[in-house]
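What follows is a single structure, written as structure tokens, with notes after it.
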Amino acid sequence: MPTQKQHSEILIFFTGGTIGMSPSEGVHGVAPGGNFEKLLNQLAPQDENVRLKPVLWSDKPSPHMTPEDMFRLAREVEEGLAAPSVLGAVILHGTDVLAETAYLCDLVIDSDKPVILTGSMRYYSESGYDGIRNLINAVRAILLPIPPGTGACLLMTDRIFAAREAVKVNSLNVDAFESREAGIVGYVAGESVILAGCPLHHAPRRKISPAAIEPKVALLTAYTGMDRSLIDHAKSVGNKGIVIEGFGAGNVPPGAVPALEACLADNIPVVLATRCIEGGVWPIYGYPGGGADLQDKGIILCGRLGGPKARIRLMCALGLTSSMEEIRDMFEDV
């Protein structure tokens, strides 16, 4: 008797977000609408030997996603990728914190199989709905396939971004995401997905994959005339680490510096990011509160990572160790 041919699978994780939302009676605005099955039914047929395996993981607006949720999702995706029949995974997610979940997946998931996160800026049934196109193109990107070692990616508006580089730059426009200076991984042309020939990682990407993350990490943004009060409060309520977004190349008002020093004295790591979308932090200025001054005091500079992703990385690092030097080493390659 002929043996039945083994089908390949693509996992489709649905976490929620605008891509599945609809207007609801009695609700001002749109809300989760249970549209995952309708989305899948609208997908074009795939290769006869490739099946889509849906995973109804949650139906949450992305602001309801916690770092613990993101970590659990990454672990479950990693577990799913371990099956030999699985080619890769698509994750449907709200766009507000899509880049953060994508980056955590990039840090944690230890697999060369592609992971593509996508969503939509318009809700299900809205004119110009972009969700179906993004989902179809994410499946096509899995089938390319994306080269091993690329890491988790984000696909929106016909472009594929590396998770490390993607940032949401527009709250309303369909074309809401950009890459931090490094270019895109690929793009959609007609019915095809094409790699852009832009290798983002010449060396193997470092994984930071703890058994659990440390969720108590504060993210603060510097403001003119900032004193120590917010930092002291973040420390007093038990945060195990602090990320502060400074001005420019990584500079903060002098009034905030004593509180940062107090954190370091109590072995609470402080990571310095910038409010700027591009450029990153650099130890240029030696005046009180300047990036070079802060680095000399023991504050960790996070390179070109933005504040939200630096926080994700610090959460993962603290899940592995409380050693300041080991944590500093985990930020050396960013």
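Residue numbers start at 1 in each chain; chains themselves are named A, B, ... in the order of the structure tokens; ligands are numbered from 1 in the order shown.
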inquiry  = Applying 8 Å and only C-alpha atoms, which residues near stretch 17-23 of chain A remain after dropping the ones on its own chain fewer than 2 positions away? List them as a list in words.
reply    = Thr15, Glu25, Val27, Gly29, Val30, Ala31, Pro32, Gly33, Gly34, Asn35, Phe36, Leu39, Asp59, Lys60, Pro61, Ser62, Leu92, His93, Gly94, Thr95, Gly119, Ser120, Met121, Arg122, Tyr123, Tyr124, Ser125 and Gly131 of chain A
If you keep N, CA and C atoms, can you produce a file of those selected residues as a PDB file, in the first residue's frame?
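Final output, result.pdb:
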```pdb
ATOM      1  N   THR A  15      -3.148  36.053  18.649  1.00  0.00           N
ATOM      2  CA  THR A  15      -3.121  36.603  20.007  1.00  0.00           C
ATOM      3  C   THR A  15      -4.148  37.702  20.202  1.00  0.00           C
ATOM      4  N   GLU A  25     -21.943  45.992  19.439  1.00  0.00           N
ATOM      5  CA  GLU A  25     -23.138  46.683  19.914  1.00  0.00           C
ATOM      6  C   GLU A  25     -22.960  47.123  21.361  1.00  0.00           C
ATOM      7  N   VAL A  27     -20.786  49.211  22.442  1.00  0.00           N
ATOM      8  CA  VAL A  27     -19.396  49.588  22.726  1.00  0.00           C
ATOM      9  C   VAL A  27     -19.024  50.782  21.864  1.00  0.00           C
ATOM     10  N   GLY A  29     -16.531  52.426  19.832  1.00  0.00           N
ATOM     11  CA  GLY A  29     -15.285  51.987  19.211  1.00  0.00           C
ATOM     12  C   GLY A  29     -15.339  50.496  18.916  1.00  0.00           C
ATOM     13  N   VAL A  30     -14.205  49.954  18.452  1.00  0.00           N
ATOM     14  CA  VAL A  30     -14.130  48.531  18.116  1.00  0.00           C
ATOM     15  C   VAL A  30     -13.511  47.757  19.269  1.00  0.00           C
ATOM     16  N   ALA A  31     -13.765  46.456  19.278  1.00  0.00           N
ATOM     17  CA  ALA A  31     -13.301  45.595  20.366  1.00  0.00           C
ATOM     18  C   ALA A  31     -13.044  44.207  19.805  1.00  0.00           C
ATOM     19  N   PRO A  32     -12.362  43.340  20.571  1.00  0.00           N
ATOM     20  CA  PRO A  32     -12.142  41.962  20.103  1.00  0.00           C
ATOM     21  C   PRO A  32     -13.437  41.326  19.640  1.00  0.00           C
ATOM     22  N   GLY A  33     -13.372  40.701  18.458  1.00  0.00           N
ATOM     23  CA  GLY A  33     -14.610  40.241  17.837  1.00  0.00           C
ATOM     24  C   GLY A  33     -14.659  38.775  17.473  1.00  0.00           C
ATOM     25  N   GLY A  34     -13.635  37.975  17.851  1.00  0.00           N
ATOM     26  CA  GLY A  34     -13.663  36.553  17.543  1.00  0.00           C
ATOM     27  C   GLY A  34     -13.650  36.250  16.059  1.00  0.00           C
ATOM     28  N   ASN A  35     -12.849  36.983  15.294  1.00  0.00           N
ATOM     29  CA  ASN A  35     -12.853  36.840  13.832  1.00  0.00           C
ATOM     30  C   ASN A  35     -11.717  35.967  13.294  1.00  0.00           C
ATOM     31  N   PHE A  36     -11.033  35.228  14.164  1.00  0.00           N
ATOM     32  CA  PHE A  36      -9.871  34.456  13.721  1.00  0.00           C
ATOM     33  C   PHE A  36     -10.255  33.432  12.649  1.00  0.00           C
ATOM     34  N   LEU A  39     -10.821  35.017   9.329  1.00  0.00           N
ATOM     35  CA  LEU A  39      -9.554  35.378   8.700  1.00  0.00           C
ATOM     36  C   LEU A  39      -8.942  34.186   7.973  1.00  0.00           C
ATOM     37  N   ASP A  59      -7.270  36.460  22.602  1.00  0.00           N
ATOM     38  CA  ASP A  59      -7.894  37.502  21.772  1.00  0.00           C
ATOM     39  C   ASP A  59      -7.791  38.813  22.544  1.00  0.00           C
ATOM     40  N   LYS A  60      -6.541  39.268  22.718  1.00  0.00           N
ATOM     41  CA  LYS A  60      -6.253  40.438  23.541  1.00  0.00           C
ATOM     42  C   LYS A  60      -5.884  41.653  22.693  1.00  0.00           C
ATOM     43  N   PRO A  61      -6.358  42.828  23.067  1.00  0.00           N
ATOM     44  CA  PRO A  61      -5.736  44.034  22.511  1.00  0.00           C
ATOM     45  C   PRO A  61      -4.274  44.061  22.950  1.00  0.00           C
ATOM     46  N   SER A  62      -3.381  44.546  22.104  1.00  0.00           N
ATOM     47  CA  SER A  62      -1.972  44.437  22.464  1.00  0.00           C
ATOM     48  C   SER A  62      -1.590  45.230  23.717  1.00  0.00           C
ATOM     49  N   LEU A  92      -0.194  36.548  14.782  1.00  0.00           N
ATOM     50  CA  LEU A  92      -1.076  37.698  14.586  1.00  0.00           C
ATOM     51  C   LEU A  92      -1.207  38.425  15.917  1.00  0.00           C
ATOM     52  N   HIS A  93      -0.984  39.737  15.895  1.00  0.00           N
ATOM     53  CA  HIS A  93      -0.788  40.479  17.144  1.00  0.00           C
ATOM     54  C   HIS A  93      -1.204  41.926  16.923  1.00  0.00           C
ATOM     55  N   GLY A  94      -1.660  42.592  17.977  1.00  0.00           N
ATOM     56  CA  GLY A  94      -1.931  44.019  17.891  1.00  0.00           C
ATOM     57  C   GLY A  94      -0.667  44.806  17.633  1.00  0.00           C
ATOM     58  N   THR A  95      -0.809  45.944  16.948  1.00  0.00           N
ATOM     59  CA  THR A  95       0.381  46.679  16.509  1.00  0.00           C
ATOM     60  C   THR A  95       0.995  47.572  17.576  1.00  0.00           C
ATOM     61  N   GLY A 119       0.005  42.077  11.835  1.00  0.00           N
ATOM     62  CA  GLY A 119      -1.268  42.531  12.377  1.00  0.00           C
ATOM     63  C   GLY A 119      -1.935  43.427  11.352  1.00  0.00           C
ATOM     64  N   SER A 120      -2.704  44.381  11.810  1.00  0.00           N
ATOM     65  CA  SER A 120      -3.320  45.336  10.890  1.00  0.00           C
ATOM     66  C   SER A 120      -3.553  46.652  11.598  1.00  0.00           C
ATOM     67  N   MET A 121      -3.609  47.704  10.821  1.00  0.00           N
ATOM     68  CA  MET A 121      -3.912  49.029  11.354  1.00  0.00           C
ATOM     69  C   MET A 121      -5.402  49.347  11.243  1.00  0.00           C
ATOM     70  N   ARG A 122      -6.114  48.606  10.412  1.00  0.00           N
ATOM     71  CA  ARG A 122      -7.551  48.804  10.263  1.00  0.00           C
ATOM     72  C   ARG A 122      -8.281  47.563  10.760  1.00  0.00           C
ATOM     73  N   TYR A 123      -9.453  47.780  11.343  1.00  0.00           N
ATOM     74  CA  TYR A 123     -10.170  46.666  11.950  1.00  0.00           C
ATOM     75  C   TYR A 123     -10.915  45.844  10.900  1.00  0.00           C
ATOM     76  N   TYR A 124     -11.244  44.633  11.302  1.00  0.00           N
ATOM     77  CA  TYR A 124     -11.939  43.699  10.431  1.00  0.00           C
ATOM     78  C   TYR A 124     -13.259  44.328   9.975  1.00  0.00           C
ATOM     79  N   SER A 125     -13.513  44.324   8.693  1.00  0.00           N
ATOM     80  CA  SER A 125     -14.691  44.888   8.018  1.00  0.00           C
ATOM     81  C   SER A 125     -14.566  46.381   7.745  1.00  0.00           C
ATOM     82  N   GLY A 131      -5.564  43.546   7.037  1.00  0.00           N
ATOM     83  CA  GLY A 131      -5.212  42.333   7.758  1.00  0.00           C
ATOM     84  C   GLY A 131      -5.024  41.118   6.878  1.00  0.00           C
TER      85      GLY A 131
END
```
- Non-local contacts of A:Arg206 (10 Å; only C-alpha atoms; under 6 positions in same chain excluded) as number ranges by chain: A: 106-108, 110, 330-331, 333-334
Could you write out the selected residues, including C-alpha atoms, as a PDB file, in the first residue's frame?
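New file again.pdb:
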```
ATOM      1  CA  ASP A 106      13.931  37.181  18.664  1.00  0.00           C
ATOM      2  CA  LEU A 107      15.840  37.007  21.958  1.00  0.00           C
ATOM      3  CA  VAL A 108      14.243  33.855  23.348  1.00  0.00           C
ATOM      4  CA  ASP A 110      16.168  29.146  19.719  1.00  0.00           C
ATOM      5  CA  MET A 330      24.626  41.007  27.469  1.00  0.00           C
ATOM      6  CA  PHE A 331      24.321  44.546  26.119  1.00  0.00           C
ATOM      7  CA  ASP A 333      26.495  43.294  21.076  1.00  0.00           C
ATOM      8  CA  VAL A 334      23.478  45.581  20.616  1.00  0.00           C
TER       9      VAL A 334
END
```
Using only C-alpha atoms, which protein or nucleic acid residues come within 8 Å of stretch 213-222 of chain A? Drop anything in the same chain fewer than 3 positions from it, and give the result as an mmCIF file with C-alpha atoms, in the first residue's frame.
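So result-v4.cif came out as:
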```
data_model
loop_
_atom_site.group_PDB
_atom_site.id
_atom_site.type_symbol
_atom_site.label_atom_id
_atom_site.label_comp_id
_atom_site.auth_asym_id
_atom_site.auth_seq_id
_atom_site.Cartn_x
_atom_site.Cartn_y
_atom_site.Cartn_z
ATOM 1 C CA PRO A 67 5.867 40.886 29.358
ATOM 2 C CA GLU A 68 4.985 37.556 30.977
ATOM 3 C CA PHE A 71 7.517 35.373 27.165
ATOM 4 C CA PRO A 210 16.002 32.414 30.790
ATOM 5 C CA MET A 226 13.984 66.168 35.831
ATOM 6 C CA ILE A 231 13.647 57.249 39.854
ATOM 7 C CA ALA A 234 10.675 53.275 40.855
ATOM 8 C CA GLY A 238 10.781 47.122 44.106
ATOM 9 C CA ASN A 239 11.922 47.428 40.512
ATOM 10 C CA LYS A 240 14.946 45.208 39.895
ATOM 11 C CA GLY A 241 16.192 47.264 36.958
ATOM 12 C CA ILE A 242 15.610 50.649 35.335
ATOM 13 C CA VAL A 243 15.794 51.807 31.741
ATOM 14 C CA ILE A 244 15.907 55.556 31.222
ATOM 15 C CA GLU A 245 15.417 57.231 27.849
ATOM 16 C CA GLY A 246 17.707 60.252 27.779
ATOM 17 C CA PHE A 247 18.021 63.145 25.366
ATOM 18 C CA VAL A 252 19.931 63.281 31.343
ATOM 19 C CA PRO A 253 19.424 66.356 33.556
ATOM 20 C CA ARG A 275 14.274 59.308 23.055
ATOM 21 C CA GLY A 307 13.846 52.083 25.375
ATOM 22 C CA PRO A 308 11.035 49.470 25.135
ATOM 23 C CA ARG A 311 13.610 46.975 28.808
ATOM 24 C CA LEU A 314 17.048 43.739 30.623
ATOM 25 C CA MET A 315 14.084 41.626 31.774
ATOM 26 C CA CYS A 316 15.582 38.597 30.027
ATOM 27 C CA ALA A 317 19.067 39.334 31.376
ATOM 28 C CA LEU A 318 17.788 39.655 34.948
ATOM 29 C CA GLY A 319 16.018 36.324 34.495
ATOM 30 C CA LEU A 320 19.469 34.767 34.132
#
```
For A:Leu272, the closest of A:Ile299, A:Met156, A:Ile142, A:Leu87 counting only C-alpha atoms is A:Ile299
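If only C-alpha atoms are the atoms counted, then among A:Lys235, A:Lys53, A:Arg228, A:Arg313 the closest residue to A:Ala256 is A:Arg228.
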So which residues touch stretch 7-10 of chain A within 9 Å, counting only C-alpha atoms, skipping near sequence neighbours fewer than 6 positions away, as a ChimeraX atom specification?
/A:48-54,84-90,139,142-143
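Inside stretch 109-239 of chain A, the residues DSSP reads as helix (DSSP H, G or I) when given the backbone are Gly131, Ile132, Arg133, Asn134, Leu135, Ile136, Asn137, Ala138, Val139, Arg140, Ala141, Ile142, Leu143, Ser229, Leu230, Ile231, Asp232, His233, Ala234, Lys235 and Ser236 of chain A.
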Using only C-alpha atoms, the best pick from A:Pro254, A:Gly306, A:Gly298, A:Gly291 as closest to A:Ala273 would be A:Gly306
- Task: Might you pull out every residue within 10 Å of A:Glu79, with only C-alpha atoms counted and same-chain residues fewer than 6 positions away left off, and present them as a PyMOL selection string?
- Result: chain A and resi 73+109-111
Deliver the residues from the most recent selection as a file, using N, CA and C atoms, as a short mmCIF file (atom, residue, chain, number, x, y, z; two decimals), in the first residue's frame.
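Ended up saving to selection-v5.cif:
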```
data_model
loop_
_atom_site.label_atom_id
_atom_site.label_comp_id
_atom_site.auth_asym_id
_atom_site.auth_seq_id
_atom_site.Cartn_x
_atom_site.Cartn_y
_atom_site.Cartn_z
N LEU A 73 4.25 33.27 25.22
CA LEU A 73 3.99 33.09 23.79
C LEU A 73 5.25 32.63 23.08
N ILE A 109 13.55 32.70 21.31
CA ILE A 109 13.29 31.49 20.51
C ILE A 109 14.58 30.99 19.89
N ASP A 110 14.94 29.77 20.23
CA ASP A 110 16.17 29.15 19.72
C ASP A 110 15.80 28.18 18.60
N SER A 111 15.59 28.73 17.42
CA SER A 111 15.25 27.93 16.24
C SER A 111 15.65 28.72 15.01
#
```
Near-stretch 147-149 of chain A list (8 Å; only C-alpha atoms; drop same-chain fewer than 5 positions) as an MDAnalysis selection string
chainID A and resid 112:114 204:205
Saved selection, atoms kept: C-alpha atoms, as a PDB file, in the first residue's frame:
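Ended up saving to selection-v1.pdb:
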```pdb
ATOM      1  CA  ASP A 112      16.421  28.674  12.713  1.00  0.00           C
ATOM      2  CA  LYS A 113      12.857  28.343  11.434  1.00  0.00           C
ATOM      3  CA  PRO A 114      11.211  31.637  10.450  1.00  0.00           C
ATOM      4  CA  PRO A 204      25.248  34.680  15.167  1.00  0.00           C
ATOM      5  CA  ARG A 205      22.618  36.537  17.152  1.00  0.00           C
TER       6      ARG A 205
END
```
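Ranking A:Ala162, A:Ala189, A:Met70, A:Cys153 by their shortest atom-to-atom distance to A:Leu104, with only C-alpha atoms included, puts A:Met70 first.
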- Task: Run DSSP on the backbone and grab whatever in stretch 66-299 of chain A lands in strand (DSSP E); send it over as an MDAnalysis selection string.
- Result: chainID A and resid 86:92 115:118 153:156 159:162 166:168 177:179 186:189 192:195 217:221 241:246 270:274
| request: Tell me, as a PyMOL selection string, which residues lie within 9 Å of A:Arg133, counting only C-alpha atoms; anything in the same chain fewer than 3 positions away does not count. | output: chain A and resi 43+129-130+136-138+157-158
May I have the selected residues written with N, CA and C atoms, as a PDB file, in the first residue's frame?
```
ATOM      1  N   LEU A  43      -7.966  33.021   3.515  1.00  0.00           N
ATOM      2  CA  LEU A  43      -6.638  32.809   2.958  1.00  0.00           C
ATOM      3  C   LEU A  43      -6.723  32.069   1.640  1.00  0.00           C
ATOM      4  N   TYR A 129      -9.303  47.387   4.742  1.00  0.00           N
ATOM      5  CA  TYR A 129      -8.740  46.458   5.733  1.00  0.00           C
ATOM      6  C   TYR A 129      -7.453  45.826   5.219  1.00  0.00           C
ATOM      7  N   ASP A 130      -6.386  45.948   6.004  1.00  0.00           N
ATOM      8  CA  ASP A 130      -5.071  45.455   5.591  1.00  0.00           C
ATOM      9  C   ASP A 130      -4.700  44.104   6.199  1.00  0.00           C
ATOM     10  N   ILE A 136      -1.645  36.914   4.462  1.00  0.00           N
ATOM     11  CA  ILE A 136      -1.238  36.139   3.279  1.00  0.00           C
ATOM     12  C   ILE A 136       0.250  36.319   3.003  1.00  0.00           C
ATOM     13  N   ASN A 137       0.730  37.540   3.092  1.00  0.00           N
ATOM     14  CA  ASN A 137       2.145  37.783   2.801  1.00  0.00           C
ATOM     15  C   ASN A 137       3.056  37.199   3.871  1.00  0.00           C
ATOM     16  N   ALA A 138       2.586  37.130   5.112  1.00  0.00           N
ATOM     17  CA  ALA A 138       3.382  36.499   6.163  1.00  0.00           C
ATOM     18  C   ALA A 138       3.542  35.005   5.885  1.00  0.00           C
ATOM     19  N   THR A 157       2.576  46.200   5.801  1.00  0.00           N
ATOM     20  CA  THR A 157       2.514  47.059   4.619  1.00  0.00           C
ATOM     21  C   THR A 157       3.561  46.674   3.569  1.00  0.00           C
ATOM     22  N   ASP A 158       3.590  45.374   3.262  1.00  0.00           N
ATOM     23  CA  ASP A 158       4.430  44.858   2.169  1.00  0.00           C
ATOM     24  C   ASP A 158       5.924  44.942   2.440  1.00  0.00           C
TER      25      ASP A 158
END
```
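Taking atom CA of A:Ile284 and atom CA of A:Val271 as the two end points, the separation is 16.1 Å.
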